[in-house]
Amino acid sequence: MVRCKESPLDNQRCFILTILQNAGIDSKCLSKLATNAIAQSDNNSQSIAWWFAVLIDNNPKQGIQELENWLSGLNKKTAIESSQQFITTLLGTRFGNSYEINLTTGLYMNPSDLKSLIKIMHSFILIDEDIDRTKDISYTSTHRDDAQDARDRLLRHLADIPGKETYTALQELSQLPALKKLKVGLSERL
């Protein structure tokens, strides 16, 4: 999903991307477009994160490592905000809205790439900082709520893929300190 509501420029990007996708433009061209947009973004972290979602949807082998390097070079606050923007752009928000369009290729939906994305997102969208809404009677969903939900959906997508590679990826993830709170759930899936 690509979020489009942020500004008129975001809307233009979304409309152009939708037209290109509907015209059948291949992943190689969309990947090149995203790479060029990232390079020409003038350090606008939200725009860069948006384009990284497009890049990883179309060329995860290139995009995942570049995303990790880019996020690691940002200050903590910007890295957290950018990772939230990235993951909600890639997967959409919990309830979706009329400001989102679908990223259609999903080339990252394999055990290796999902495992890498899970590690990256758990480095910046920390479980210890998750918002617990189970006790709230009513609340307004925030970008952080959507980001932690999207981060968790990566793990569900991985667990839904049958095979030995998934089993191995889940075992590796269960050993990571950042995922200690999820270890029981991961162990149950194995």
# chains A, B, ... in the order shown; residues from 1 in each chain; ligands from 1
$ residues_around --residues "Asp113 in chain A" --least-positions-apart "6" --cutoff "10 Å" --atoms "only C-alpha atoms" --output "PDB file with C-alpha atoms, in the first residue's frame"
ATOM      1  CA  ILE A  56      11.552  -3.010  -2.230  1.00  0.00           C
ATOM      2  CA  PRO A  60      14.010  -6.314  -2.770  1.00  0.00           C
ATOM      3  CA  LYS A  61      17.541  -7.608  -3.321  1.00  0.00           C
ATOM      4  CA  ILE A  64      16.527  -4.002   1.508  1.00  0.00           C
ATOM      5  CA  LEU A 107       8.636  -9.503  -4.795  1.00  0.00           C
ATOM      6  CA  LYS A 119      15.018  -7.672  11.514  1.00  0.00           C
ATOM      7  CA  LEU A 158       6.497 -15.123   6.808  1.00  0.00           C
ATOM      8  CA  ALA A 169      13.995 -18.149   9.139  1.00  0.00           C
TER       9      ALA A 169
END
$ residues_around --residues "Ala37 in chain A" --least-positions-apart "5" --cutoff "12 Å" --atoms "only C-alpha atoms" --output "mmCIF file with N, CA and C atoms, in the first residue's frame"
data_model
loop_
_atom_site.group_PDB
_atom_site.id
_atom_site.type_symbol
_atom_site.label_atom_id
_atom_site.label_comp_id
_atom_site.auth_asym_id
_atom_site.auth_seq_id
_atom_site.Cartn_x
_atom_site.Cartn_y
_atom_site.Cartn_z
ATOM 1 N N ARG A 13 2.419 11.693 -6.800
ATOM 2 C CA ARG A 13 3.237 10.471 -6.862
ATOM 3 C C ARG A 13 2.349 9.241 -6.949
ATOM 4 N N LEU A 30 10.065 0.281 -12.638
ATOM 5 C CA LEU A 30 9.600 0.887 -11.388
ATOM 6 C C LEU A 30 10.734 0.959 -10.366
ATOM 7 N N SER A 31 11.586 -0.052 -10.369
ATOM 8 C CA SER A 31 12.750 -0.051 -9.488
ATOM 9 C C SER A 31 13.695 1.088 -9.843
ATOM 10 N N LYS A 32 13.927 1.286 -11.121
ATOM 11 C CA LYS A 32 14.803 2.372 -11.570
ATOM 12 C C LYS A 32 14.199 3.728 -11.207
ATOM 13 N N ASP A 42 16.491 15.228 -2.069
ATOM 14 C CA ASP A 42 16.889 16.382 -1.244
ATOM 15 C C ASP A 42 16.733 16.117 0.255
ATOM 16 N N ASN A 43 17.066 14.909 0.696
ATOM 17 C CA ASN A 43 17.050 14.538 2.118
ATOM 18 C C ASN A 43 15.684 14.637 2.784
ATOM 19 N N ASN A 44 14.607 14.549 2.033
ATOM 20 C CA ASN A 44 13.263 14.500 2.600
ATOM 21 C C ASN A 44 13.019 13.054 3.038
ATOM 22 N N SER A 45 13.190 12.787 4.326
ATOM 23 C CA SER A 45 13.166 11.406 4.816
ATOM 24 C C SER A 45 11.829 10.702 4.572
ATOM 25 N N SER A 47 9.748 11.228 2.074
ATOM 26 C CA SER A 47 9.712 10.913 0.646
ATOM 27 C C SER A 47 10.631 9.738 0.326
ATOM 28 N N ILE A 48 11.817 9.747 0.912
ATOM 29 C CA ILE A 48 12.759 8.644 0.678
ATOM 30 C C ILE A 48 12.159 7.326 1.168
ATOM 31 N N ALA A 49 11.558 7.337 2.355
ATOM 32 C CA ALA A 49 10.938 6.125 2.899
ATOM 33 C C ALA A 49 9.832 5.627 1.972
ATOM 34 N N TRP A 50 9.034 6.548 1.439
ATOM 35 C CA TRP A 50 7.952 6.216 0.505
ATOM 36 C C TRP A 50 8.523 5.508 -0.717
ATOM 37 N N TRP A 51 9.596 6.083 -1.280
ATOM 38 C CA TRP A 51 10.200 5.495 -2.475
ATOM 39 C C TRP A 51 10.902 4.173 -2.165
ATOM 40 N N PHE A 52 11.439 4.005 -0.951
ATOM 41 C CA PHE A 52 12.029 2.714 -0.588
ATOM 42 C C PHE A 52 10.968 1.609 -0.603
ATOM 43 N N ALA A 53 9.749 1.927 -0.213
ATOM 44 C CA ALA A 53 8.677 0.934 -0.273
ATOM 45 C C ALA A 53 8.438 0.501 -1.719
ATOM 46 N N VAL A 54 8.435 1.453 -2.633
ATOM 47 C CA VAL A 54 8.258 1.131 -4.059
ATOM 48 C C VAL A 54 9.441 0.305 -4.551
ATOM 49 N N LEU A 55 10.646 0.689 -4.163
ATOM 50 C CA LEU A 55 11.844 -0.036 -4.584
ATOM 51 C C LEU A 55 11.821 -1.471 -4.079
#
$ residues_around --residues "Leu155 in chain A" --least-positions-apart "5" --cutoff "12 Å" --atoms "only C-alpha atoms" --output "PDB file with N, CA and C atoms, in the first residue's frame"
ATOM      1  N   MET A 109       7.940 -10.907  -0.849  1.00  0.00           N
ATOM      2  CA  MET A 109       7.139 -11.881  -0.093  1.00  0.00           C
ATOM      3  C   MET A 109       7.724 -13.293  -0.203  1.00  0.00           C
ATOM      4  N   ASN A 110       8.944 -13.431   0.274  1.00  0.00           N
ATOM      5  CA  ASN A 110       9.617 -14.722   0.341  1.00  0.00           C
ATOM      6  C   ASN A 110      10.357 -14.771   1.675  1.00  0.00           C
ATOM      7  N   PRO A 111      10.686 -15.958   2.173  1.00  0.00           N
ATOM      8  CA  PRO A 111      11.268 -16.062   3.513  1.00  0.00           C
ATOM      9  C   PRO A 111      12.530 -15.228   3.736  1.00  0.00           C
ATOM     10  N   SER A 112      13.426 -15.219   2.796  1.00  0.00           N
ATOM     11  CA  SER A 112      14.684 -14.497   2.971  1.00  0.00           C
ATOM     12  C   SER A 112      14.466 -12.989   3.104  1.00  0.00           C
ATOM     13  N   ASP A 113      13.702 -12.417   2.205  1.00  0.00           N
ATOM     14  CA  ASP A 113      13.464 -10.969   2.238  1.00  0.00           C
ATOM     15  C   ASP A 113      12.593 -10.574   3.418  1.00  0.00           C
ATOM     16  N   LEU A 114      11.579 -11.360   3.736  1.00  0.00           N
ATOM     17  CA  LEU A 114      10.739 -11.048   4.899  1.00  0.00           C
ATOM     18  C   LEU A 114      11.553 -11.100   6.184  1.00  0.00           C
ATOM     19  N   LYS A 115      12.428 -12.092   6.297  1.00  0.00           N
ATOM     20  CA  LYS A 115      13.285 -12.180   7.486  1.00  0.00           C
ATOM     21  C   LYS A 115      14.142 -10.920   7.622  1.00  0.00           C
ATOM     22  N   SER A 116      14.720 -10.470   6.529  1.00  0.00           N
ATOM     23  CA  SER A 116      15.540  -9.252   6.558  1.00  0.00           C
ATOM     24  C   SER A 116      14.713  -8.038   6.951  1.00  0.00           C
ATOM     25  N   LEU A 117      13.524  -7.902   6.380  1.00  0.00           N
ATOM     26  CA  LEU A 117      12.658  -6.773   6.715  1.00  0.00           C
ATOM     27  C   LEU A 117      12.212  -6.817   8.173  1.00  0.00           C
ATOM     28  N   ILE A 118      11.920  -8.004   8.679  1.00  0.00           N
ATOM     29  CA  ILE A 118      11.520  -8.156  10.082  1.00  0.00           C
ATOM     30  C   ILE A 118      12.651  -7.676  10.997  1.00  0.00           C
ATOM     31  N   LYS A 119      13.867  -8.099  10.699  1.00  0.00           N
ATOM     32  CA  LYS A 119      15.018  -7.672  11.514  1.00  0.00           C
ATOM     33  C   LYS A 119      15.172  -6.155  11.498  1.00  0.00           C
ATOM     34  N   MET A 121      12.902  -3.782  10.735  1.00  0.00           N
ATOM     35  CA  MET A 121      11.789  -3.080  11.374  1.00  0.00           C
ATOM     36  C   MET A 121      11.818  -3.231  12.893  1.00  0.00           C
ATOM     37  N   HIS A 122      12.254  -4.392  13.385  1.00  0.00           N
ATOM     38  CA  HIS A 122      12.348  -4.577  14.841  1.00  0.00           C
ATOM     39  C   HIS A 122      13.524  -3.815  15.433  1.00  0.00           C
ATOM     40  N   GLN A 148       3.416  -0.403  14.072  1.00  0.00           N
ATOM     41  CA  GLN A 148       3.653  -1.630  14.829  1.00  0.00           C
ATOM     42  C   GLN A 148       2.776  -2.763  14.304  1.00  0.00           C
ATOM     43  N   ASP A 149       1.578  -2.453  13.860  1.00  0.00           N
ATOM     44  CA  ASP A 149       0.722  -3.477  13.264  1.00  0.00           C
ATOM     45  C   ASP A 149       1.334  -3.998  11.955  1.00  0.00           C
ATOM     46  N   ALA A 150       1.829  -3.099  11.110  1.00  0.00           N
ATOM     47  CA  ALA A 150       2.446  -3.506   9.841  1.00  0.00           C
ATOM     48  C   ALA A 150       3.716  -4.313  10.105  1.00  0.00           C
ATOM     49  N   ASP A 160       3.103 -17.657   7.196  1.00  0.00           N
ATOM     50  CA  ASP A 160       2.115 -18.233   6.280  1.00  0.00           C
ATOM     51  C   ASP A 160       2.733 -18.931   5.067  1.00  0.00           C
ATOM     52  N   ILE A 161       4.039 -18.777   4.884  1.00  0.00           N
ATOM     53  CA  ILE A 161       4.711 -19.405   3.741  1.00  0.00           C
ATOM     54  C   ILE A 161       5.184 -20.796   4.163  1.00  0.00           C
ATOM     55  N   THR A 166      11.223 -21.147   5.453  1.00  0.00           N
ATOM     56  CA  THR A 166      10.442 -20.406   6.438  1.00  0.00           C
ATOM     57  C   THR A 166      10.749 -20.904   7.842  1.00  0.00           C
ATOM     58  N   ALA A 169      14.072 -19.592   8.875  1.00  0.00           N
ATOM     59  CA  ALA A 169      13.995 -18.149   9.139  1.00  0.00           C
ATOM     60  C   ALA A 169      13.331 -17.879  10.478  1.00  0.00           C
ATOM     61  N   LEU A 170      12.250 -18.573  10.777  1.00  0.00           N
ATOM     62  CA  LEU A 170      11.565 -18.387  12.065  1.00  0.00           C
ATOM     63  C   LEU A 170      12.445 -18.812  13.233  1.00  0.00           C
ATOM     64  N   LEU A 173      14.989 -16.007  13.694  1.00  0.00           N
ATOM     65  CA  LEU A 173      14.349 -14.834  14.291  1.00  0.00           C
ATOM     66  C   LEU A 173      14.060 -15.036  15.774  1.00  0.00           C
ATOM     67  N   SER A 174      13.718 -16.255  16.172  1.00  0.00           N
ATOM     68  CA  SER A 174      13.392 -16.518  17.575  1.00  0.00           C
ATOM     69  C   SER A 174      14.601 -16.350  18.487  1.00  0.00           C
ATOM     70  N   LEU A 179      13.491  -9.747  19.512  1.00  0.00           N
ATOM     71  CA  LEU A 179      12.242 -10.501  19.390  1.00  0.00           C
ATOM     72  C   LEU A 179      11.976 -11.422  20.582  1.00  0.00           C
ATOM     73  N   LEU A 182       8.495 -12.075  21.548  1.00  0.00           N
ATOM     74  CA  LEU A 182       7.730 -12.883  20.591  1.00  0.00           C
ATOM     75  C   LEU A 182       8.183 -14.333  20.576  1.00  0.00           C
ATOM     76  N   LYS A 183       9.208 -14.666  21.352  1.00  0.00           N
ATOM     77  CA  LYS A 183       9.800 -15.996  21.280  1.00  0.00           C
ATOM     78  C   LYS A 183       8.776 -17.104  21.544  1.00  0.00           C
ATOM     79  N   GLY A 185       5.559 -17.051  20.947  1.00  0.00           N
ATOM     80  CA  GLY A 185       4.719 -17.153  19.742  1.00  0.00           C
ATOM     81  C   GLY A 185       5.466 -17.781  18.590  1.00  0.00           C
ATOM     82  N   LEU A 186       6.745 -17.444  18.430  1.00  0.00           N
ATOM     83  CA  LEU A 186       7.535 -18.037  17.368  1.00  0.00           C
ATOM     84  C   LEU A 186       7.731 -19.525  17.614  1.00  0.00           C
ATOM     85  N   ARG A 189       4.859 -21.577  16.583  1.00  0.00           N
ATOM     86  CA  ARG A 189       4.711 -21.714  15.131  1.00  0.00           C
ATOM     87  C   ARG A 189       5.648 -22.763  14.550  1.00  0.00           C
TER      88      ARG A 189
END
$ atom_distance --atom1 "CA of Arg151 in chain A" --atom2 "CA of Ile80 in chain A"
12.4 Å
$ closest_residue --among "A:Ile127, A:Ile120, A:Leu154, A:Ile19" --to "Leu71 in chain A" --atoms "only C-alpha atoms"
A:Ile120
$ atom_distance --atom1 "CA of Leu17 in chain A" --atom2 "CA of Leu74 in chain A"
26.8 Å
$ select_by_dssp --residues "range 17-68 of chain A" --states "alpha helix (DSSP H)" --output "JSON, numbers by chain"
{"A": [17, 18, 19, 20, 21, 22, 27, 28, 29, 30, 31, 32, 33, 34, 35, 36, 37, 38, 39, 45, 46, 47, 48, 49, 50, 51, 52, 53, 54, 55, 56, 57, 58, 60, 61, 62, 63, 64, 65, 66, 67, 68]}
$ write_last_selection --atoms "N, CA and C atoms" --output "short mmCIF file (atom, residue, chain, number, x, y, z; two decimals), in the first residue's frame"
data_model
loop_
_atom_site.label_atom_id
_atom_site.label_comp_id
_atom_site.auth_asym_id
_atom_site.auth_seq_id
_atom_site.Cartn_x
_atom_site.Cartn_y
_atom_site.Cartn_z
N LEU A 17 2.19 6.65 -10.00
CA LEU A 17 2.52 5.24 -9.76
C LEU A 17 1.36 4.33 -10.16
N THR A 18 0.14 4.73 -9.85
CA THR A 18 -1.03 3.94 -10.23
C THR A 18 -1.13 3.82 -11.75
N ILE A 19 -0.92 4.92 -12.44
CA ILE A 19 -0.97 4.89 -13.91
C ILE A 19 0.10 3.95 -14.46
N LEU A 20 1.31 4.03 -13.92
CA LEU A 20 2.39 3.17 -14.39
C LEU A 20 2.09 1.70 -14.12
N GLN A 21 1.59 1.40 -12.92
CA GLN A 21 1.24 0.02 -12.59
C GLN A 21 0.14 -0.50 -13.50
N ASN A 22 -0.90 0.30 -13.69
CA ASN A 22 -2.03 -0.12 -14.53
C ASN A 22 -1.64 -0.25 -16.00
N SER A 27 8.70 -4.36 -13.25
CA SER A 27 9.38 -4.10 -11.99
C SER A 27 10.73 -3.43 -12.18
N LYS A 28 11.42 -3.79 -13.24
CA LYS A 28 12.74 -3.20 -13.49
C LYS A 28 12.62 -1.68 -13.68
N CYS A 29 11.63 -1.24 -14.44
CA CYS A 29 11.42 0.19 -14.66
C CYS A 29 10.97 0.90 -13.39
N LEU A 30 10.07 0.28 -12.64
CA LEU A 30 9.60 0.89 -11.39
C LEU A 30 10.73 0.96 -10.37
N SER A 31 11.59 -0.05 -10.37
CA SER A 31 12.75 -0.05 -9.49
C SER A 31 13.70 1.09 -9.84
N LYS A 32 13.93 1.29 -11.12
CA LYS A 32 14.80 2.37 -11.57
C LYS A 32 14.20 3.73 -11.21
N LEU A 33 12.89 3.87 -11.39
CA LEU A 33 12.20 5.11 -11.02
C LEU A 33 12.39 5.40 -9.53
N ALA A 34 12.19 4.39 -8.70
CA ALA A 34 12.33 4.56 -7.25
C ALA A 34 13.77 4.91 -6.88
N THR A 35 14.73 4.22 -7.48
CA THR A 35 16.14 4.49 -7.20
C THR A 35 16.50 5.93 -7.55
N ASN A 36 16.04 6.39 -8.71
CA ASN A 36 16.30 7.78 -9.12
C ASN A 36 15.62 8.77 -8.18
N ALA A 37 14.39 8.47 -7.77
CA ALA A 37 13.67 9.37 -6.87
C ALA A 37 14.36 9.46 -5.51
N ILE A 38 14.87 8.34 -5.02
CA ILE A 38 15.60 8.34 -3.75
C ILE A 38 16.85 9.22 -3.87
N ALA A 39 17.57 9.06 -4.96
CA ALA A 39 18.80 9.82 -5.17
C ALA A 39 18.55 11.33 -5.30
N SER A 45 13.19 12.79 4.33
CA SER A 45 13.17 11.41 4.82
C SER A 45 11.83 10.70 4.57
N GLN A 46 10.72 11.42 4.67
CA GLN A 46 9.42 10.79 4.43
C GLN A 46 9.27 10.39 2.97
N SER A 47 9.75 11.23 2.07
CA SER A 47 9.71 10.91 0.65
C SER A 47 10.63 9.74 0.33
N ILE A 48 11.82 9.75 0.91
CA ILE A 48 12.76 8.64 0.68
C ILE A 48 12.16 7.33 1.17
N ALA A 49 11.56 7.34 2.36
CA ALA A 49 10.94 6.12 2.90
C ALA A 49 9.83 5.63 1.97
N TRP A 50 9.03 6.55 1.44
CA TRP A 50 7.95 6.22 0.50
C TRP A 50 8.52 5.51 -0.72
N TRP A 51 9.60 6.08 -1.28
CA TRP A 51 10.20 5.50 -2.48
C TRP A 51 10.90 4.17 -2.17
N PHE A 52 11.44 4.01 -0.95
CA PHE A 52 12.03 2.71 -0.59
C PHE A 52 10.97 1.61 -0.60
N ALA A 53 9.75 1.93 -0.21
CA ALA A 53 8.68 0.93 -0.27
C ALA A 53 8.44 0.50 -1.72
N VAL A 54 8.43 1.45 -2.63
CA VAL A 54 8.26 1.13 -4.06
C VAL A 54 9.44 0.31 -4.55
N LEU A 55 10.65 0.69 -4.16
CA LEU A 55 11.84 -0.04 -4.58
C LEU A 55 11.82 -1.47 -4.08
N ILE A 56 11.53 -1.66 -2.81
CA ILE A 56 11.55 -3.01 -2.23
C ILE A 56 10.42 -3.87 -2.77
N ASP A 57 9.30 -3.27 -3.10
CA ASP A 57 8.22 -4.03 -3.73
C ASP A 57 8.66 -4.57 -5.09
N ASN A 58 9.53 -3.85 -5.76
CA ASN A 58 9.92 -4.21 -7.12
C ASN A 58 11.32 -4.81 -7.24
N PRO A 60 13.62 -6.19 -4.17
CA PRO A 60 14.01 -6.31 -2.77
C PRO A 60 15.50 -6.59 -2.57
N LYS A 61 16.12 -7.29 -3.48
CA LYS A 61 17.54 -7.61 -3.32
C LYS A 61 18.38 -6.33 -3.24
N GLN A 62 18.06 -5.35 -4.04
CA GLN A 62 18.76 -4.07 -4.01
C GLN A 62 18.24 -3.21 -2.85
N GLY A 63 16.94 -3.13 -2.72
CA GLY A 63 16.33 -2.17 -1.81
C GLY A 63 16.51 -2.44 -0.34
N ILE A 64 16.48 -3.69 0.07
CA ILE A 64 16.53 -4.00 1.51
C ILE A 64 17.86 -3.57 2.11
N GLN A 65 18.96 -3.89 1.47
CA GLN A 65 20.26 -3.49 1.99
C GLN A 65 20.41 -1.98 1.99
N GLU A 66 19.95 -1.34 0.92
CA GLU A 66 20.03 0.12 0.85
C GLU A 66 19.16 0.77 1.93
N LEU A 67 17.98 0.22 2.19
CA LEU A 67 17.11 0.73 3.25
C LEU A 67 17.80 0.63 4.60
N GLU A 68 18.37 -0.52 4.89
CA GLU A 68 19.03 -0.72 6.17
C GLU A 68 20.20 0.26 6.34
#
$ closest_residue --among "A:Glu172, A:Asp146, A:Asp26, A:Glu165" --to "Gln85 in chain A" --atoms "only C-alpha atoms"
A:Asp146
$ closest_residue --among "A:Gly24, A:Pro177, A:Gly106, A:Gly92" --to "Ser123 in chain A" --atoms "only C-alpha atoms"
A:Pro177
